[in-house]
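A.B. asks: Below you'll find the structure I mean.
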Amino acid sequence: MIDQQLETGFCRDCLTGFSRRPARCAHCGSPRLLAHDELYSLAIAHIDCDAFYASIEKRDNPSLADRPVIIGGGKRGVVSTACYIARIHGVRSAMPMFKALEACPEAVVIRPNMEKYAAVGRQVREMMLALTPLVEPLSIDEAFLDLSGTERLHKAAPARILASFARQVQQEVGITVSVGLSYCKFLAKIASDLNKPKGFSVIGQAEATRFLADKRVGMIWGVGKAFEATLARDGITTIGQLQTMEQAELMRRYGVIGQRLFHLARGEDNRKVSPSGEAKSISNETTFMADFSDLETLSAHLRRLSEKTAARAKKAGLAGQTVVLKLKTADFRIKTRNRRLEDPTQLADRIFRTGLSLLEREIDGSKYRLIGIGISDLCDPATADPPDLIDPAATRRAAAESAIDSLRAKFGTSAVETGYTFRPAGDRDRKKS
């Protein structure tokens, strides 16, 4: 038995510790060994399920184990996720389905089963909460964890707790996860992506600046493709270049985000793991079987999606201060438009009418293959949808919506149709949150 004070690492498969890293575990022979100078002092983790939807389908149908699997819609849909075999062929999330099948024609395509995936996500979430109450979900299949102060409870360092957790998920749930461990959220998330699937990577404080130096600026949280292109035009392509620049210069060029660039480029991230950060938005979207450009067709879909979004908000006990419209053009360009409301809402009527005013501005002859509507800046519904003294008709519509909700709860969602939605849909809806 090795003295824990002398231990520098352990085997991820059997958890046997070592003081000097061998080529393989002396106990079980596994090469999956974990060692790092800061291994036992780090407590911020990011856990990400590996190819989540595809892994669940393979778990439930073992005949798919060695076959490429794509989760997504028909030929006009997009890839929700793909297993790692399909990814080797070039299939990626959000890729148009026809391109995915061109890259991997032998793939098995499975339509998403969100109820099943959500159930597995809840199961994994409960297992996370058994480790620490400080769990901040980012989506159905990933979350940040802060295990500071849990060593006495679990009688093990966070690194060991996380390795045991990964084994437990594989054994009890039948899927695998990748773990990133660091001293801050920014680097923990980067670490979890380094060695997928079944990865466990560590980024310590002493190495952070050096580790980041040669990475592209797009790796920084909040730097999307458009902003990365802006930085490239300014001659900045690596994080190391940002490390040589003064904060004042970055803020002069890029405003408040320049301050973020300055700190994250140096591995400085003071964000706390916040358990209250579970839901960022509630939305629904649909991809059409044909492209549409006319307001009448698009508004019918918008109304139906607004009703779905409102139903989810009411069920979750949430309201949103901002309404967000999403459109995808026939050539796959995404347009996002939003409007902040004076008062939060969870009413389909207000979501739809706000979305419709945003949509009307986009009716310019462009053809759209996808439309979505949602609410963000989520809050308690106690202050939502006060009586409208300026527009009494809005209050009457809210009362009518409440009556419709009661009828649908009793007789089903199709029991009542509005004038906008009383027509065949012919498309595919997807939830997002």
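Residues in the structure tokens are numbered from 1 in each chain, the chains being A, B, ... in the order shown, and ligands are numbered from 1 in the order shown.
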Residues within 8 Å of range 121-130 of chain A, please, as an MDAnalysis selection string. Count only C-alpha atoms; anything in the same chain fewer than 6 positions from it doesn't count.
C.D. replies: chainID A and resid 140:141 145 165 169 173
A.B. asks: Using only C-alpha atoms, determine which residues lie at most 10 Å from Pro275 in chain A, disregarding the query and same-chain residues fewer than 2 positions distant; provide the list as a list in words.
C.D. replies: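 The residues that qualify are Pro133, Leu134, Val135, Glu136, Pro137, Ala143, Phe144, Leu145, Asp146, Lys272, Val273, Gly277 and Glu278 of chain A.
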A.B. asks: Store the residues picked out above in a file with all heavy atoms, as a compact mmCIF listing (two decimals), in the first residue's frame.
C.D. replies:
# COMPACT_ATOMS: atom_id res chain seq x y z
N PRO A 133 -23.08 19.22 -4.13
CA PRO A 133 -24.26 20.00 -4.49
C PRO A 133 -23.95 21.08 -5.52
O PRO A 133 -24.87 21.64 -6.12
CB PRO A 133 -24.69 20.62 -3.16
CG PRO A 133 -23.43 20.69 -2.35
CD PRO A 133 -22.64 19.47 -2.75
N LEU A 134 -22.67 21.36 -5.73
CA LEU A 134 -22.27 22.41 -6.65
C LEU A 134 -22.11 21.83 -8.06
O LEU A 134 -21.00 21.56 -8.54
CB LEU A 134 -20.97 23.07 -6.19
CG LEU A 134 -21.06 23.79 -4.83
CD1 LEU A 134 -19.70 24.39 -4.45
CD2 LEU A 134 -22.13 24.87 -4.86
N VAL A 135 -23.25 21.62 -8.71
CA VAL A 135 -23.31 21.10 -10.08
C VAL A 135 -24.00 22.16 -10.93
O VAL A 135 -25.13 22.56 -10.65
CB VAL A 135 -24.08 19.77 -10.16
CG1 VAL A 135 -24.22 19.31 -11.60
CG2 VAL A 135 -23.39 18.71 -9.31
N GLU A 136 -23.33 22.60 -11.99
CA GLU A 136 -23.90 23.60 -12.90
C GLU A 136 -24.09 22.98 -14.28
O GLU A 136 -23.14 22.89 -15.06
CB GLU A 136 -22.99 24.82 -13.01
CG GLU A 136 -23.52 25.90 -13.95
CD GLU A 136 -22.57 27.07 -14.09
OE1 GLU A 136 -21.71 27.28 -13.20
OE2 GLU A 136 -22.70 27.80 -15.10
N PRO A 137 -25.30 22.54 -14.59
CA PRO A 137 -25.53 21.93 -15.91
C PRO A 137 -25.38 22.95 -17.03
O PRO A 137 -25.81 24.10 -16.89
CB PRO A 137 -26.97 21.43 -15.81
CG PRO A 137 -27.30 21.43 -14.36
CD PRO A 137 -26.51 22.54 -13.77
N ALA A 143 -21.80 19.21 -17.57
CA ALA A 143 -21.96 20.08 -16.40
C ALA A 143 -20.60 20.38 -15.80
O ALA A 143 -19.64 19.62 -15.95
CB ALA A 143 -22.85 19.42 -15.36
N PHE A 144 -20.54 21.52 -15.11
CA PHE A 144 -19.40 21.84 -14.25
C PHE A 144 -19.69 21.32 -12.85
O PHE A 144 -20.84 21.33 -12.39
CB PHE A 144 -19.19 23.35 -14.18
CG PHE A 144 -18.59 23.97 -15.40
CD1 PHE A 144 -19.32 24.88 -16.16
CD2 PHE A 144 -17.29 23.67 -15.79
CE1 PHE A 144 -18.77 25.46 -17.28
CE2 PHE A 144 -16.74 24.25 -16.92
CZ PHE A 144 -17.48 25.15 -17.67
N LEU A 145 -18.64 20.91 -12.15
CA LEU A 145 -18.73 20.50 -10.75
C LEU A 145 -17.63 21.18 -9.96
O LEU A 145 -16.50 21.30 -10.44
CB LEU A 145 -18.60 18.98 -10.58
CG LEU A 145 -19.75 18.08 -11.03
CD1 LEU A 145 -19.78 17.91 -12.54
CD2 LEU A 145 -19.61 16.71 -10.35
N ASP A 146 -17.96 21.61 -8.75
CA ASP A 146 -16.95 22.11 -7.81
C ASP A 146 -16.90 21.14 -6.64
O ASP A 146 -17.86 21.04 -5.87
CB ASP A 146 -17.33 23.52 -7.34
CG ASP A 146 -16.26 24.13 -6.44
OD1 ASP A 146 -15.35 23.39 -6.00
OD2 ASP A 146 -16.34 25.34 -6.17
N LYS A 272 -17.70 31.29 -10.66
CA LYS A 272 -18.00 30.21 -9.73
C LYS A 272 -18.90 29.17 -10.40
O LYS A 272 -19.65 29.47 -11.34
CB LYS A 272 -18.71 30.75 -8.48
CG LYS A 272 -17.93 31.83 -7.74
CD LYS A 272 -16.62 31.28 -7.19
CE LYS A 272 -15.89 32.34 -6.37
NZ LYS A 272 -14.57 31.82 -5.87
N VAL A 273 -18.84 27.95 -9.91
CA VAL A 273 -19.78 26.92 -10.34
C VAL A 273 -21.11 27.21 -9.68
O VAL A 273 -21.21 27.21 -8.45
CB VAL A 273 -19.28 25.51 -9.96
CG1 VAL A 273 -20.33 24.45 -10.29
CG2 VAL A 273 -17.97 25.20 -10.69
N GLY A 277 -27.55 27.70 -12.50
CA GLY A 277 -27.38 27.98 -13.92
C GLY A 277 -27.92 26.92 -14.85
O GLY A 277 -27.48 26.80 -15.98
N GLU A 278 -28.90 26.12 -14.41
CA GLU A 278 -29.35 24.97 -15.20
C GLU A 278 -29.98 25.37 -16.53
O GLU A 278 -29.61 24.90 -17.57
CB GLU A 278 -30.32 24.11 -14.40
CG GLU A 278 -30.80 22.92 -15.19
CD GLU A 278 -31.38 21.85 -14.31
OE1 GLU A 278 -31.42 22.02 -13.09
OE2 GLU A 278 -31.81 20.83 -14.86
A.B. asks: Given only C-alpha atoms as the basis, pick out the residue of A:Leu359, A:Lys315, A:Cys28, A:Ile375 nearest to Asn284 in chain A.
C.D. replies: A:Ile375
A.B. asks: Would you give me, as a PyMOL selection string, the residues in range 275-336 of chain A that DSSP reads as strand (DSSP E or B)?
C.D. replies: chain A and resi 281-292+319-329+334-336
A.B. asks: Calculate how many Å separate CA of Val177 in chain A from CA of Ser80 in chain A, rounding to one decimal.
C.D. replies: 17.9 Å
A.B. asks: Find the spatial neighbours of Gly374 in chain A, counting only C-alpha atoms, within a cut-off of 6 Å - ignore same-chain residues fewer than 3 positions away - and output them as JSON, numbers by chain.
C.D. replies: {"A": [282, 283, 323, 324]}
A.B. asks: Keeping only all heavy atoms, write the selected residues to a file as a CSV table (one decimal), in the first residue's frame.
C.D. replies:
chain,number,residue,atom,x,y,z
A,282,ILE,N,-35.4,28.6,-23.1
A,282,ILE,CA,-36.4,27.5,-23.5
A,282,ILE,C,-36.8,27.9,-25.0
A,282,ILE,O,-37.2,29.0,-25.2
A,282,ILE,CB,-37.6,27.5,-22.6
A,282,ILE,CG1,-37.2,27.2,-21.2
A,282,ILE,CG2,-38.7,26.5,-23.1
A,282,ILE,CD1,-38.4,27.3,-20.2
A,283,SER,N,-36.7,26.9,-25.9
A,283,SER,CA,-37.1,27.2,-27.3
A,283,SER,C,-37.5,25.9,-28.0
A,283,SER,O,-37.2,24.8,-27.5
A,283,SER,CB,-35.9,27.8,-28.0
A,283,SER,OG,-34.8,26.9,-28.1
A,323,VAL,N,-37.4,37.5,-26.0
A,323,VAL,CA,-37.9,36.6,-27.0
A,323,VAL,C,-36.8,36.6,-28.1
A,323,VAL,O,-36.3,37.6,-28.6
A,323,VAL,CB,-39.2,37.1,-27.6
A,323,VAL,CG1,-39.7,36.2,-28.8
A,323,VAL,CG2,-40.3,37.1,-26.5
A,324,VAL,N,-36.5,35.3,-28.5
A,324,VAL,CA,-35.5,35.1,-29.5
A,324,VAL,C,-36.0,34.4,-30.7
A,324,VAL,O,-36.6,33.3,-30.6
A,324,VAL,CB,-34.3,34.3,-28.9
A,324,VAL,CG1,-33.2,34.1,-30.0
A,324,VAL,CG2,-33.7,35.0,-27.7
A.B. asks: What's around range 325-329 of chain A at 12 Å? Count only C-alpha atoms, leave out sequence neighbours fewer than 5 positions away in its own chain, and write the answer as a PyMOL selection string.
C.D. replies: chain A and resi 77-78+94+96+282-288+290-293+298-299+301-303+305-306+309+334-340+351-376+432
A.B. asks: A:Ala300, A:Ala311, A:Ile220, A:Ala65: which is nearest Asp269 in chain A, counting only C-alpha atoms?
C.D. replies: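 Using only C-alpha atoms, the shortest distance to Asp269 in chain A belongs to A:Ile220.
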A.B. asks: Give the answer as one residue: which of A:Ile190, A:Met95, A:Leu181, A:Asn113 has the shortest atom-to-atom distance to Phe332 in chain A, using only C-alpha atoms?
C.D. replies: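 Once distances to Phe332 in chain A are computed over only C-alpha atoms, the minimum belongs to A:Met95.
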A.B. asks: So how far away is CA of Ala45 in chain A from CA of Ala188 in chain A, in Å?
C.D. replies: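 Those two atoms sit 5.4 Å apart.
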A.B. asks: Set the distance at 10 Å and use only C-alpha atoms: which residues neighbour range 57-64 of chain A once local chain neighbours fewer than 6 positions away are removed? I'd like the list as a list in words.
C.D. replies: Ile70, Ile71, Cys83, Val108, Ile110, Pro112, Asn113, Lys116, Tyr117, Val173, Gly174 and Ile175 of chain A
A.B. asks: Quick one, how far is CA of Ser148 in chain A from CA of Leu131 in chain A?
C.D. replies: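 According to the coordinates, CA of Ser148 in chain A and CA of Leu131 in chain A are separated by 10.6 Å.
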A.B. asks: Neighbouring residues of Glu151 in chain A were defined as those with any atom within 12 Å, considering only C-alpha atoms; residues of the same chain fewer than 5 positions away were excluded. Please report them as a list in words.
C.D. replies: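 Residues near the query, excluding close chain neighbours: Tyr40, Ser41, Leu42, Ala43, Leu131, Thr132, Asp146, Ala156, Ala157, Pro158, Ala159, Arg160, Ile161 and Leu162 of chain A.
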A.B. asks: Closest to Ile47 in chain A among A:Ala118, A:Ala163, A:Ala232, A:Val109, using only C-alpha atoms?
C.D. replies: A:Ala163
A.B. asks: With DSSP run on the backbone, what are the alpha helix (DSSP H) residues within range 42-277 of chain A? I'd like them as an NGL selection string.
C.D. replies: :A and (52-60 or 84-88 or 97-103 or 114-129 or 151-154 or 158-172 or 185-192 or 208-212 or 225-233 or 239-243 or 247-254 or 256-265)
A.B. asks: Of the residues A:Cys49, A:Ala206, A:Leu187, A:Ala166, which is the one nearest to Asp13 in chain A, using only C-alpha atoms?
C.D. replies: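 The shortest atom-to-atom distance to Asp13 in chain A comes from A:Ala166.
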